[in-house]
>>> print(open('my_file.txt').read())   # compact mmCIF, C-alpha atoms
# COMPACT_ATOMS: atom_id res chain seq x y z
CA MET A 142 -29.71 -35.23 0.67
CA ARG A 143 -31.32 -32.09 2.07
CA ARG A 144 -29.02 -32.20 5.12
CA PHE A 145 -26.01 -32.55 2.87
CA LEU A 146 -27.03 -29.49 0.86
CA SER A 147 -27.69 -27.51 4.04
CA ALA A 148 -24.31 -28.50 5.48
CA THR A 149 -22.57 -27.58 2.22
CA ALA A 150 -24.33 -24.20 2.08
CA ALA A 151 -23.38 -23.51 5.70
CA ALA A 152 -19.74 -24.41 5.02
CA ILE A 153 -19.62 -22.11 2.00
CA ALA A 154 -21.21 -19.27 4.01
CA ILE A 155 -18.65 -19.70 6.80
CA CYS A 156 -15.79 -19.64 4.28
CA LEU A 157 -17.14 -16.48 2.66
CA ILE A 158 -17.58 -14.74 6.01
CA ALA A 159 -14.07 -15.73 7.11
CA THR A 160 -12.61 -14.47 3.82
CA ALA A 161 -14.51 -11.17 4.07
CA ALA A 162 -13.39 -10.67 7.67
CA ASN A 163 -9.79 -11.35 6.70
CA ALA A 164 -9.98 -9.07 3.63
CA GLN A 165 -11.06 -6.10 5.78
CA SER A 166 -8.22 -6.57 8.28
CA LEU A 167 -5.82 -3.80 7.16
CA ARG A 168 -6.66 -0.35 8.56
CA LEU A 169 -3.86 2.17 9.03
CA ARG A 170 -3.76 5.93 9.68
CA PHE A 171 -0.81 8.09 8.70
CA HIS A 172 0.31 11.68 8.51
CA VAL A 173 2.12 12.21 5.21
CA PRO A 174 4.14 15.47 5.29
CA PHE A 175 4.42 15.88 1.50
CA ALA A 176 2.29 15.66 -1.64
CA PHE A 177 2.36 12.27 -3.39
CA SER A 178 0.73 10.17 -6.11
CA VAL A 179 -0.94 6.78 -6.11
CA LYS A 180 -0.88 5.57 -9.70
CA SER A 181 -2.05 8.70 -11.55
CA LYS A 182 -4.01 10.34 -8.68
CA ALA A 183 -2.28 13.20 -6.83
CA PHE A 184 -2.80 13.78 -3.11
CA PRO A 185 -1.72 16.74 -0.93
CA ALA A 186 0.17 16.42 2.35
CA GLY A 187 -2.15 15.48 5.21
CA GLU A 188 -3.80 12.77 7.27
CA TYR A 189 -4.53 9.50 5.46
CA GLU A 190 -6.20 6.20 6.10
CA VAL A 191 -5.33 3.02 4.21
CA THR A 192 -7.87 0.21 4.37
CA GLN A 193 -8.13 -3.13 2.67
CA HIS A 194 -11.23 -3.87 0.60
CA GLY A 195 -11.16 -7.32 -0.91
CA ASN A 196 -8.20 -9.58 -1.25
CA LEU A 197 -5.84 -7.33 -3.20
CA PHE A 198 -7.53 -3.92 -3.20
CA LEU A 199 -6.51 -1.03 -0.94
CA ASN A 200 -8.29 2.27 -0.43
CA VAL A 201 -6.07 5.32 0.20
CA ARG A 202 -8.22 8.12 1.60
CA ASN A 203 -7.41 11.69 2.60
CA LEU A 204 -9.13 12.29 5.94
CA GLY A 205 -9.23 16.07 5.39
CA ASN A 206 -10.91 16.41 2.02
CA HIS A 207 -12.16 12.79 1.72
CA THR A 208 -10.63 12.19 -1.71
CA ALA A 209 -9.77 8.55 -2.20
CA VAL A 210 -8.50 5.99 -4.65
CA PHE A 211 -9.00 2.22 -4.78
CA GLU A 212 -5.95 0.45 -6.13
CA SER A 213 -5.14 -3.09 -7.03
CA VAL A 214 -2.02 -4.22 -5.17
CA THR A 215 0.21 -7.28 -5.14
CA PRO A 216 1.61 -9.13 -2.14
CA ALA A 217 5.11 -8.02 -1.14
CA GLN A 218 7.84 -9.32 -3.41
CA SER A 219 10.28 -9.85 -0.57
CA ARG A 220 9.97 -10.92 3.06
CA LYS A 221 12.29 -8.04 4.01
CA GLU A 222 9.58 -5.49 3.10
CA GLY A 223 7.50 -6.52 6.13
CA ASN A 224 10.22 -5.74 8.64
CA GLY A 225 8.06 -5.41 11.76
CA GLN A 226 7.27 -1.72 11.25
CA VAL A 227 3.93 -0.20 10.32
CA ARG A 228 4.80 2.10 7.44
CA LEU A 229 4.09 3.59 4.04
CA VAL A 230 7.03 3.62 1.66
CA PHE A 231 7.42 6.09 -1.18
CA HIS A 232 9.78 6.37 -4.13
CA ARG A 233 11.04 9.94 -4.51
CA TYR A 234 12.29 11.38 -7.78
CA GLY A 235 13.41 14.96 -7.14
CA ASN A 236 10.33 16.56 -5.54
CA GLU A 237 7.82 13.93 -6.68
CA TYR A 238 6.72 11.09 -4.40
CA PHE A 239 4.94 7.88 -5.42
CA LEU A 240 3.42 5.41 -2.96
CA ALA A 241 5.37 2.17 -3.42
CA PHE A 242 4.12 -0.12 -0.65
CA VAL A 243 2.27 -0.27 2.64
CA SER A 244 3.05 -2.59 5.55
CA ASP A 245 1.19 -3.56 8.69
CA ARG A 246 4.31 -5.07 10.31
CA SER A 247 4.26 -8.56 8.80
CA TRP A 248 5.21 -9.76 5.35
CA GLU A 249 1.72 -11.21 4.90
CA SER A 250 0.23 -7.72 5.40
CA THR A 251 2.65 -5.89 3.10
CA TYR A 252 1.44 -4.86 -0.34
CA ASP A 253 3.18 -3.34 -3.35
CA PHE A 254 1.54 -0.69 -5.54
CA GLN A 255 2.08 -0.78 -9.29
CA MET A 256 4.22 1.95 -10.80
CA SER A 257 2.33 4.60 -12.75
CA LYS A 258 3.34 5.65 -16.25
CA GLU A 259 4.70 8.90 -14.80
CA GLU A 260 6.86 7.05 -12.28
CA VAL A 261 8.17 4.68 -14.94
CA GLN A 262 9.12 7.69 -17.10
CA LEU A 263 10.92 9.34 -14.18
CA ALA A 264 12.68 6.09 -13.29
CA ASN A 265 13.87 5.65 -16.88
CA ALA A 266 14.78 9.31 -17.49
CA LYS A 267 18.20 10.15 -18.87
CA PRO A 268 20.37 11.26 -17.24
CA ARG A 269 19.07 8.87 -14.63
CA LYS A 270 18.53 10.24 -11.16
CA PRO A 271 18.02 7.32 -8.75
CA ALA A 272 14.82 7.20 -6.72
CA THR A 273 15.10 7.68 -2.99
CA ILE A 274 13.11 5.41 -0.71
CA VAL A 275 11.24 7.29 2.02
CA SER A 276 9.43 5.48 4.85
CA ILE A 277 6.64 7.18 6.81
CA THR A 278 5.54 5.95 10.23
CA PRO A 279 1.95 6.49 11.43
CA ASN A 280 2.89 9.68 13.32
CA GLY A 281 4.40 11.24 10.18
CA THR A 282 8.06 10.68 10.96
CA SER A 283 9.95 10.14 7.73
CA GLU A 284 13.14 8.20 7.17
CA VAL A 285 15.19 8.23 3.99
CA ALA A 286 16.38 4.67 3.42
CA SER A 287 18.50 4.53 0.26
CA ASP A 288 18.38 4.92 -3.47
CA LEU A 289 16.82 2.20 -5.63
CA THR A 290 20.14 1.23 -7.14
CA GLN A 291 21.13 -0.07 -3.69
CA ARG A 292 17.77 -1.64 -2.79
CA THR A 293 18.33 -4.30 -0.16
CA TRP A 294 14.93 -5.83 0.46
>>> encode(input="my_file.txt", output="structure tokens")
Amino acid sequence: MRRFLSATAAAIAICLIATAANAQSLRLRFHVPFAFSVKSKAFPAGEYEVTQHGNLFLNVRNLGNHTAVFESVTPAQSRKEGNGQVRLVFHRYGNEYFLAFVSDRSWESTYDFQMSKEEVQLANAKPRKPATIVSITPNGTSEVASDLTQRTW
């Protein structure tokens, strides 16, 4: 009986260690050339690091002034979001940018951020101005993809 309990405890410990190692796997650095928001927290342009803490929690941290935010995320809604590129994707409404999702190449490592109240208000504003999707690569290169009314992923 004691051996069974020891074996069970060891198996649980191995599972917990494997889960913790997997949960800390995402670590990305980016240069973002514009100010943006994550939920209701505003960040200036600069160097950023995105790390995974726990199963569905990401930390977005400014490497210059060390401000950070932990956010709950959801797995990507579509396999097309993890298109083989490491990138941050923002929704742009006029001059305001909101972090929409982060990808570490694969669909399994692509996470969606929830829309903030401010972003929902801008998205539903009348007259409606469609959001523009902007992708940022780790070196800060930006690419304007499309507007949300023609979202293809």
>>> residues_around(input="my_file.txt", residues="range 198-201 of chain A", least_positions_apart="6", cutoff="9 Å", atoms="only C-alpha atoms", output="MDAnalysis selection string")
chainID A and resid 164 167 179 189:192 208:215 252
>>> atom_distance(input="my_file.txt", atom1="CA of Phe231 in chain A", atom2="CA of Glu284 in chain A")
10.3 Å
>>> residues_near_point(input="my_file.txt", point="(3.3, 5.3, 2.1)", cutoff="8 Å", atoms="all atoms listed in the file", output="ChimeraX atom specification")
/A:173,228-231,240-243,276-277
>>> write_last_selection(input="my_file.txt", atoms="C-alpha atoms", output="short mmCIF file (atom, residue, chain, number, x, y, z; two decimals), in the coordinates of the input")
data_model
loop_
_atom_site.label_atom_id
_atom_site.label_comp_id
_atom_site.auth_asym_id
_atom_site.auth_seq_id
_atom_site.Cartn_x
_atom_site.Cartn_y
_atom_site.Cartn_z
CA VAL A 173 2.12 12.21 5.21
CA ARG A 228 4.80 2.10 7.44
CA LEU A 229 4.09 3.59 4.04
CA VAL A 230 7.03 3.62 1.66
CA PHE A 231 7.42 6.09 -1.18
CA LEU A 240 3.42 5.41 -2.96
CA ALA A 241 5.37 2.17 -3.42
CA PHE A 242 4.12 -0.12 -0.65
CA VAL A 243 2.27 -0.27 2.64
CA SER A 276 9.43 5.48 4.85
CA ILE A 277 6.64 7.18 6.81
#
>>> residues_around(input="my_file.txt", residues="His232 in chain A", least_positions_apart="5", cutoff="9 Å", atoms="all atoms listed in the file", output="PyMOL selection string")
chain A and resi 237-241+260+272-275+288-289
>>> atom_distance(input="my_file.txt", atom1="CA of Asn236 in chain A", atom2="CA of Gln255 in chain A")
19.6 Å
>>> atom_distance(input="my_file.txt", atom1="CA of Gln262 in chain A", atom2="CA of Ala186 in chain A")
23.1 Å
